[in-house]
Amino acid sequence: MKTFTRSALFVAALSLAMNGVGSAATINGSLPLSGVNAVQNGATLALSTVITSTATVTSGDGAGDFLPVPLFTDFGPTILDLADLASFSIFNAVYGSFIADGVGNVIVGQDADFLDVYLRGTYTGLAGFEPSDASLRISVNQSGSSISQAITLNAPAVAPPGEVPEPATLALSGLALIALGVLRVVRTA
């Protein structure tokens with residue numbers, strides 16, 4: 001009986017090993033970028049609906065899987081259309097691309113001198129990795145007539161700032177508190 005059990009386990013392990021599907025790992029890291037020659041279409045960031053840059057370059061060392069990306073690597077020009085956040089993308093032929101997918105994209109804050117945007121999408125093309133869920137945080141500052149743009153790429157995606165729990169979660173939390181209150185009353189009675 002022991003021989004049969006061992007043989008069956010060996011055959012099962014062997015078949016799992018032979019049928020395993022090989023796949024590349026997902027990307028894990030972050031990359032700082034900066035928009036070069038950023039321009040807006042309004043007098044202030046509060047009035048602007050489109051922010052463009054002639055180039056988007058890495059502005060520091062990447063972390064994790066993005067560590068090999070050299071300083072000042074160009075990911076191309078960008079157009080940040082606040083009416084269509086899902087149209088945003090960056091691309092480099094060697095180090096890959098980010099394409100916003102529209103799910104969870106949000107303008108976190110916008111006033112006369114500051115714009116904060118969160119984008120979620122897919123990062124593809126980094127050698128040795130499969131397409132990965134990623135997020136971009138874009139911050140634009142204005143002082144006088146000049147603007148500057150800073151971008152941080154994260155994979156896997158980080159949660160959007162100030163994320164509010166869905167109504168069902170709040171309802172369940174409320175029911176749990178009511179149940180605890182009822183149990184306390186019942187125990188003291």
# chains A, B, ... in the order shown; residues from 1 in each chain; ligands from 1
>>> residues_around(residues="range 85-101 of chain A", least_positions_apart="4", cutoff="10 Å", atoms="only C-alpha atoms", output="PyMOL selection string")
chain A and resi 55-57+66+68-70+73-81+105-107+117-127+131-136+153
>>> residues_around(residues="range 45-50 of chain A", least_positions_apart="6", cutoff="9 Å", atoms="only C-alpha atoms", output="ChimeraX atom specification")
/A:39,79-83,110-115,140-142,147
>>> write_last_selection(atoms="C-alpha atoms", output="tab-separated table (two decimals), in the first residue's frame")
chain	number	residue	atom	x	y	z
A	39	VAL	CA	2.90	73.79	-21.35
A	79	ILE	CA	-0.46	64.99	-23.66
A	80	LEU	CA	-2.44	65.00	-20.42
A	81	ASP	CA	-6.04	65.69	-21.47
A	82	LEU	CA	-8.06	66.25	-18.30
A	83	ALA	CA	-11.29	65.46	-20.17
A	110	GLN	CA	-6.85	71.01	-9.19
A	111	ASP	CA	-6.48	74.66	-8.32
A	112	ALA	CA	-4.76	77.74	-9.75
A	113	ASP	CA	-1.20	76.63	-8.98
A	114	PHE	CA	-1.36	72.84	-8.49
A	115	LEU	CA	-2.72	69.83	-10.38
A	140	VAL	CA	2.01	69.83	-11.96
A	141	ASN	CA	3.02	73.05	-10.18
A	142	GLN	CA	2.66	76.61	-11.42
A	147	ILE	CA	4.89	75.17	-14.80
>>> select_by_dssp(residues="range 16-181 of chain A", states="strand (DSSP E)", output="number ranges by chain")
A: 29-36, 39-40, 50-53, 55-58, 63-64, 78-81, 89-92, 96-100, 106-111, 114-124, 132-143, 146-155
>>> residues_around(residues="Ile138 in chain A", least_positions_apart="6", cutoff="6 Å", atoms="only C-alpha atoms", output="mmCIF file with C-alpha atoms, in the first residue's frame")
data_model
loop_
_atom_site.group_PDB
_atom_site.id
_atom_site.type_symbol
_atom_site.label_atom_id
_atom_site.label_comp_id
_atom_site.auth_asym_id
_atom_site.auth_seq_id
_atom_site.Cartn_x
_atom_site.Cartn_y
_atom_site.Cartn_z
ATOM 1 C CA ASP A 116 -2.608 66.259 -9.043
ATOM 2 C CA VAL A 117 -3.711 63.340 -11.271
ATOM 3 C CA ALA A 150 6.690 65.452 -11.976
ATOM 4 C CA ILE A 151 5.528 61.878 -12.606
#
>>> select_by_dssp(residues="range 19-117 of chain A", states="helix (DSSP H, G or I)", output="PyMOL selection string")
chain A and resi 19+85-87
>>> write_last_selection(atoms="C-alpha atoms", output="mmCIF file, in the first residue's frame")
data_model
loop_
_atom_site.group_PDB
_atom_site.id
_atom_site.type_symbol
_atom_site.label_atom_id
_atom_site.label_comp_id
_atom_site.auth_asym_id
_atom_site.auth_seq_id
_atom_site.Cartn_x
_atom_site.Cartn_y
_atom_site.Cartn_z
ATOM 1 C CA ASN A 19 2.474 20.554 -17.250
ATOM 2 C CA LEU A 85 -7.405 60.763 -18.775
ATOM 3 C CA ALA A 86 -7.394 57.320 -20.442
ATOM 4 C CA SER A 87 -5.638 58.821 -23.479
#
>>> decode(residues="range 62-174 of chain A", atoms="C-alpha atoms", output="PDB file, in the first residue's frame")
ATOM      1  CA  GLY A  62      14.432  53.666 -10.562  1.00  0.00           C
ATOM      2  CA  ALA A  63      13.655  51.281  -7.718  1.00  0.00           C
ATOM      3  CA  GLY A  64      13.176  47.514  -7.872  1.00  0.00           C
ATOM      4  CA  ASP A  65      12.758  46.185 -11.399  1.00  0.00           C
ATOM      5  CA  PHE A  66      13.112  49.716 -12.828  1.00  0.00           C
ATOM      6  CA  LEU A  67      16.676  50.056 -11.458  1.00  0.00           C
ATOM      7  CA  PRO A  68      18.287  49.332 -14.884  1.00  0.00           C
ATOM      8  CA  VAL A  69      16.538  52.322 -16.535  1.00  0.00           C
ATOM      9  CA  PRO A  70      19.241  55.027 -16.912  1.00  0.00           C
ATOM     10  CA  LEU A  71      18.880  58.645 -15.806  1.00  0.00           C
ATOM     11  CA  PHE A  72      17.397  60.946 -18.499  1.00  0.00           C
ATOM     12  CA  THR A  73      15.890  58.065 -20.491  1.00  0.00           C
ATOM     13  CA  ASP A  74      13.291  59.623 -22.812  1.00  0.00           C
ATOM     14  CA  PHE A  75       9.754  58.192 -22.777  1.00  0.00           C
ATOM     15  CA  GLY A  76       8.553  60.630 -25.441  1.00  0.00           C
ATOM     16  CA  PRO A  77       6.232  63.619 -25.508  1.00  0.00           C
ATOM     17  CA  THR A  78       3.005  63.503 -23.508  1.00  0.00           C
ATOM     18  CA  ILE A  79      -0.455  64.989 -23.659  1.00  0.00           C
ATOM     19  CA  LEU A  80      -2.441  64.996 -20.423  1.00  0.00           C
ATOM     20  CA  ASP A  81      -6.040  65.689 -21.473  1.00  0.00           C
ATOM     21  CA  LEU A  82      -8.059  66.245 -18.301  1.00  0.00           C
ATOM     22  CA  ALA A  83     -11.287  65.462 -20.171  1.00  0.00           C
ATOM     23  CA  ASP A  84      -9.887  62.092 -21.355  1.00  0.00           C
ATOM     24  CA  LEU A  85      -7.405  60.763 -18.775  1.00  0.00           C
ATOM     25  CA  ALA A  86      -7.394  57.320 -20.442  1.00  0.00           C
ATOM     26  CA  SER A  87      -5.638  58.821 -23.479  1.00  0.00           C
ATOM     27  CA  PHE A  88      -2.373  59.317 -21.550  1.00  0.00           C
ATOM     28  CA  SER A  89       0.634  57.139 -22.366  1.00  0.00           C
ATOM     29  CA  ILE A  90       4.435  57.106 -22.260  1.00  0.00           C
ATOM     30  CA  PHE A  91       6.707  54.995 -24.477  1.00  0.00           C
ATOM     31  CA  ASN A  92      10.343  53.955 -24.773  1.00  0.00           C
ATOM     32  CA  ALA A  93      11.401  51.335 -27.351  1.00  0.00           C
ATOM     33  CA  VAL A  94      13.868  49.680 -24.944  1.00  0.00           C
ATOM     34  CA  TYR A  95      12.272  50.078 -21.507  1.00  0.00           C
ATOM     35  CA  GLY A  96       8.575  49.784 -22.291  1.00  0.00           C
ATOM     36  CA  SER A  97       5.360  51.748 -22.137  1.00  0.00           C
ATOM     37  CA  PHE A  98       2.521  52.746 -19.832  1.00  0.00           C
ATOM     38  CA  ILE A  99      -0.990  53.078 -21.213  1.00  0.00           C
ATOM     39  CA  ALA A 100      -3.778  54.396 -18.988  1.00  0.00           C
ATOM     40  CA  ASP A 101      -6.894  52.233 -19.216  1.00  0.00           C
ATOM     41  CA  GLY A 102      -9.499  54.551 -17.745  1.00  0.00           C
ATOM     42  CA  VAL A 103     -10.353  52.383 -14.738  1.00  0.00           C
ATOM     43  CA  GLY A 104      -9.752  54.374 -11.561  1.00  0.00           C
ATOM     44  CA  ASN A 105      -8.264  57.425 -13.274  1.00  0.00           C
ATOM     45  CA  VAL A 106      -9.012  60.529 -11.242  1.00  0.00           C
ATOM     46  CA  ILE A 107      -8.100  64.189 -10.860  1.00  0.00           C
ATOM     47  CA  VAL A 108      -7.119  64.210  -7.184  1.00  0.00           C
ATOM     48  CA  GLY A 109      -6.878  67.976  -6.925  1.00  0.00           C
ATOM     49  CA  GLN A 110      -6.851  71.009  -9.194  1.00  0.00           C
ATOM     50  CA  ASP A 111      -6.478  74.664  -8.317  1.00  0.00           C
ATOM     51  CA  ALA A 112      -4.759  77.744  -9.748  1.00  0.00           C
ATOM     52  CA  ASP A 113      -1.204  76.631  -8.978  1.00  0.00           C
ATOM     53  CA  PHE A 114      -1.355  72.840  -8.490  1.00  0.00           C
ATOM     54  CA  LEU A 115      -2.719  69.827 -10.377  1.00  0.00           C
ATOM     55  CA  ASP A 116      -2.608  66.259  -9.043  1.00  0.00           C
ATOM     56  CA  VAL A 117      -3.711  63.340 -11.271  1.00  0.00           C
ATOM     57  CA  TYR A 118      -3.805  59.585 -10.598  1.00  0.00           C
ATOM     58  CA  LEU A 119      -3.811  57.207 -13.585  1.00  0.00           C
ATOM     59  CA  ARG A 120      -4.089  53.436 -13.608  1.00  0.00           C
ATOM     60  CA  GLY A 121      -3.114  51.233 -16.512  1.00  0.00           C
ATOM     61  CA  THR A 122      -0.693  48.640 -17.818  1.00  0.00           C
ATOM     62  CA  TYR A 123       3.091  48.783 -18.091  1.00  0.00           C
ATOM     63  CA  THR A 124       4.412  46.611 -20.915  1.00  0.00           C
ATOM     64  CA  GLY A 125       7.736  45.843 -22.509  1.00  0.00           C
ATOM     65  CA  LEU A 126      10.348  45.794 -19.754  1.00  0.00           C
ATOM     66  CA  ALA A 127      12.577  42.871 -20.806  1.00  0.00           C
ATOM     67  CA  GLY A 128      11.874  39.642 -18.912  1.00  0.00           C
ATOM     68  CA  PHE A 129       8.541  40.769 -17.466  1.00  0.00           C
ATOM     69  CA  GLU A 130       4.918  40.286 -18.436  1.00  0.00           C
ATOM     70  CA  PRO A 131       2.511  43.238 -18.780  1.00  0.00           C
ATOM     71  CA  SER A 132       1.826  44.534 -15.276  1.00  0.00           C
ATOM     72  CA  ASP A 133      -0.827  46.558 -13.478  1.00  0.00           C
ATOM     73  CA  ALA A 134       0.685  49.997 -12.855  1.00  0.00           C
ATOM     74  CA  SER A 135      -0.201  53.507 -11.749  1.00  0.00           C
ATOM     75  CA  LEU A 136       1.109  56.982 -12.498  1.00  0.00           C
ATOM     76  CA  ARG A 137       0.893  59.966 -10.181  1.00  0.00           C
ATOM     77  CA  ILE A 138       1.287  63.226 -12.078  1.00  0.00           C
ATOM     78  CA  SER A 139       1.886  66.480 -10.189  1.00  0.00           C
ATOM     79  CA  VAL A 140       2.010  69.833 -11.962  1.00  0.00           C
ATOM     80  CA  ASN A 141       3.024  73.054 -10.180  1.00  0.00           C
ATOM     81  CA  GLN A 142       2.655  76.615 -11.418  1.00  0.00           C
ATOM     82  CA  SER A 143       4.555  79.633 -10.140  1.00  0.00           C
ATOM     83  CA  GLY A 144       4.076  82.811 -12.120  1.00  0.00           C
ATOM     84  CA  SER A 145       3.802  81.821 -15.775  1.00  0.00           C
ATOM     85  CA  SER A 146       6.021  78.724 -15.472  1.00  0.00           C
ATOM     86  CA  ILE A 147       4.889  75.166 -14.801  1.00  0.00           C
ATOM     87  CA  SER A 148       6.789  72.000 -13.907  1.00  0.00           C
ATOM     88  CA  GLN A 149       5.622  68.408 -14.149  1.00  0.00           C
ATOM     89  CA  ALA A 150       6.690  65.452 -11.976  1.00  0.00           C
ATOM     90  CA  ILE A 151       5.528  61.878 -12.606  1.00  0.00           C
ATOM     91  CA  THR A 152       5.960  58.730 -10.527  1.00  0.00           C
ATOM     92  CA  LEU A 153       5.359  55.307 -12.073  1.00  0.00           C
ATOM     93  CA  ASN A 154       4.552  52.404  -9.723  1.00  0.00           C
ATOM     94  CA  ALA A 155       4.133  48.711 -10.496  1.00  0.00           C
ATOM     95  CA  PRO A 156       2.156  47.074  -9.120  1.00  0.00           C
ATOM     96  CA  ALA A 157      -0.324  49.937  -9.001  1.00  0.00           C
ATOM     97  CA  VAL A 158      -0.733  51.794  -5.733  1.00  0.00           C
ATOM     98  CA  ALA A 159      -4.227  52.643  -4.530  1.00  0.00           C
ATOM     99  CA  PRO A 160      -5.570  56.047  -5.525  1.00  0.00           C
ATOM    100  CA  PRO A 161      -5.184  58.670  -2.802  1.00  0.00           C
ATOM    101  CA  GLY A 162      -8.122  59.218  -0.506  1.00  0.00           C
ATOM    102  CA  GLU A 163      -9.905  56.133  -1.742  1.00  0.00           C
ATOM    103  CA  VAL A 164     -13.349  55.965  -0.140  1.00  0.00           C
ATOM    104  CA  PRO A 165     -14.676  52.502   0.762  1.00  0.00           C
ATOM    105  CA  GLU A 166     -17.570  51.279  -1.339  1.00  0.00           C
ATOM    106  CA  PRO A 167     -21.067  51.624   0.209  1.00  0.00           C
ATOM    107  CA  ALA A 168     -21.427  47.869   0.834  1.00  0.00           C
ATOM    108  CA  THR A 169     -18.264  47.881   2.957  1.00  0.00           C
ATOM    109  CA  LEU A 170     -19.582  50.795   5.000  1.00  0.00           C
ATOM    110  CA  ALA A 171     -22.936  49.032   5.452  1.00  0.00           C
ATOM    111  CA  LEU A 172     -21.243  45.831   6.649  1.00  0.00           C
ATOM    112  CA  SER A 173     -19.105  47.815   9.080  1.00  0.00           C
ATOM    113  CA  GLY A 174     -22.233  49.510  10.430  1.00  0.00           C
TER     114      GLY A 174
END
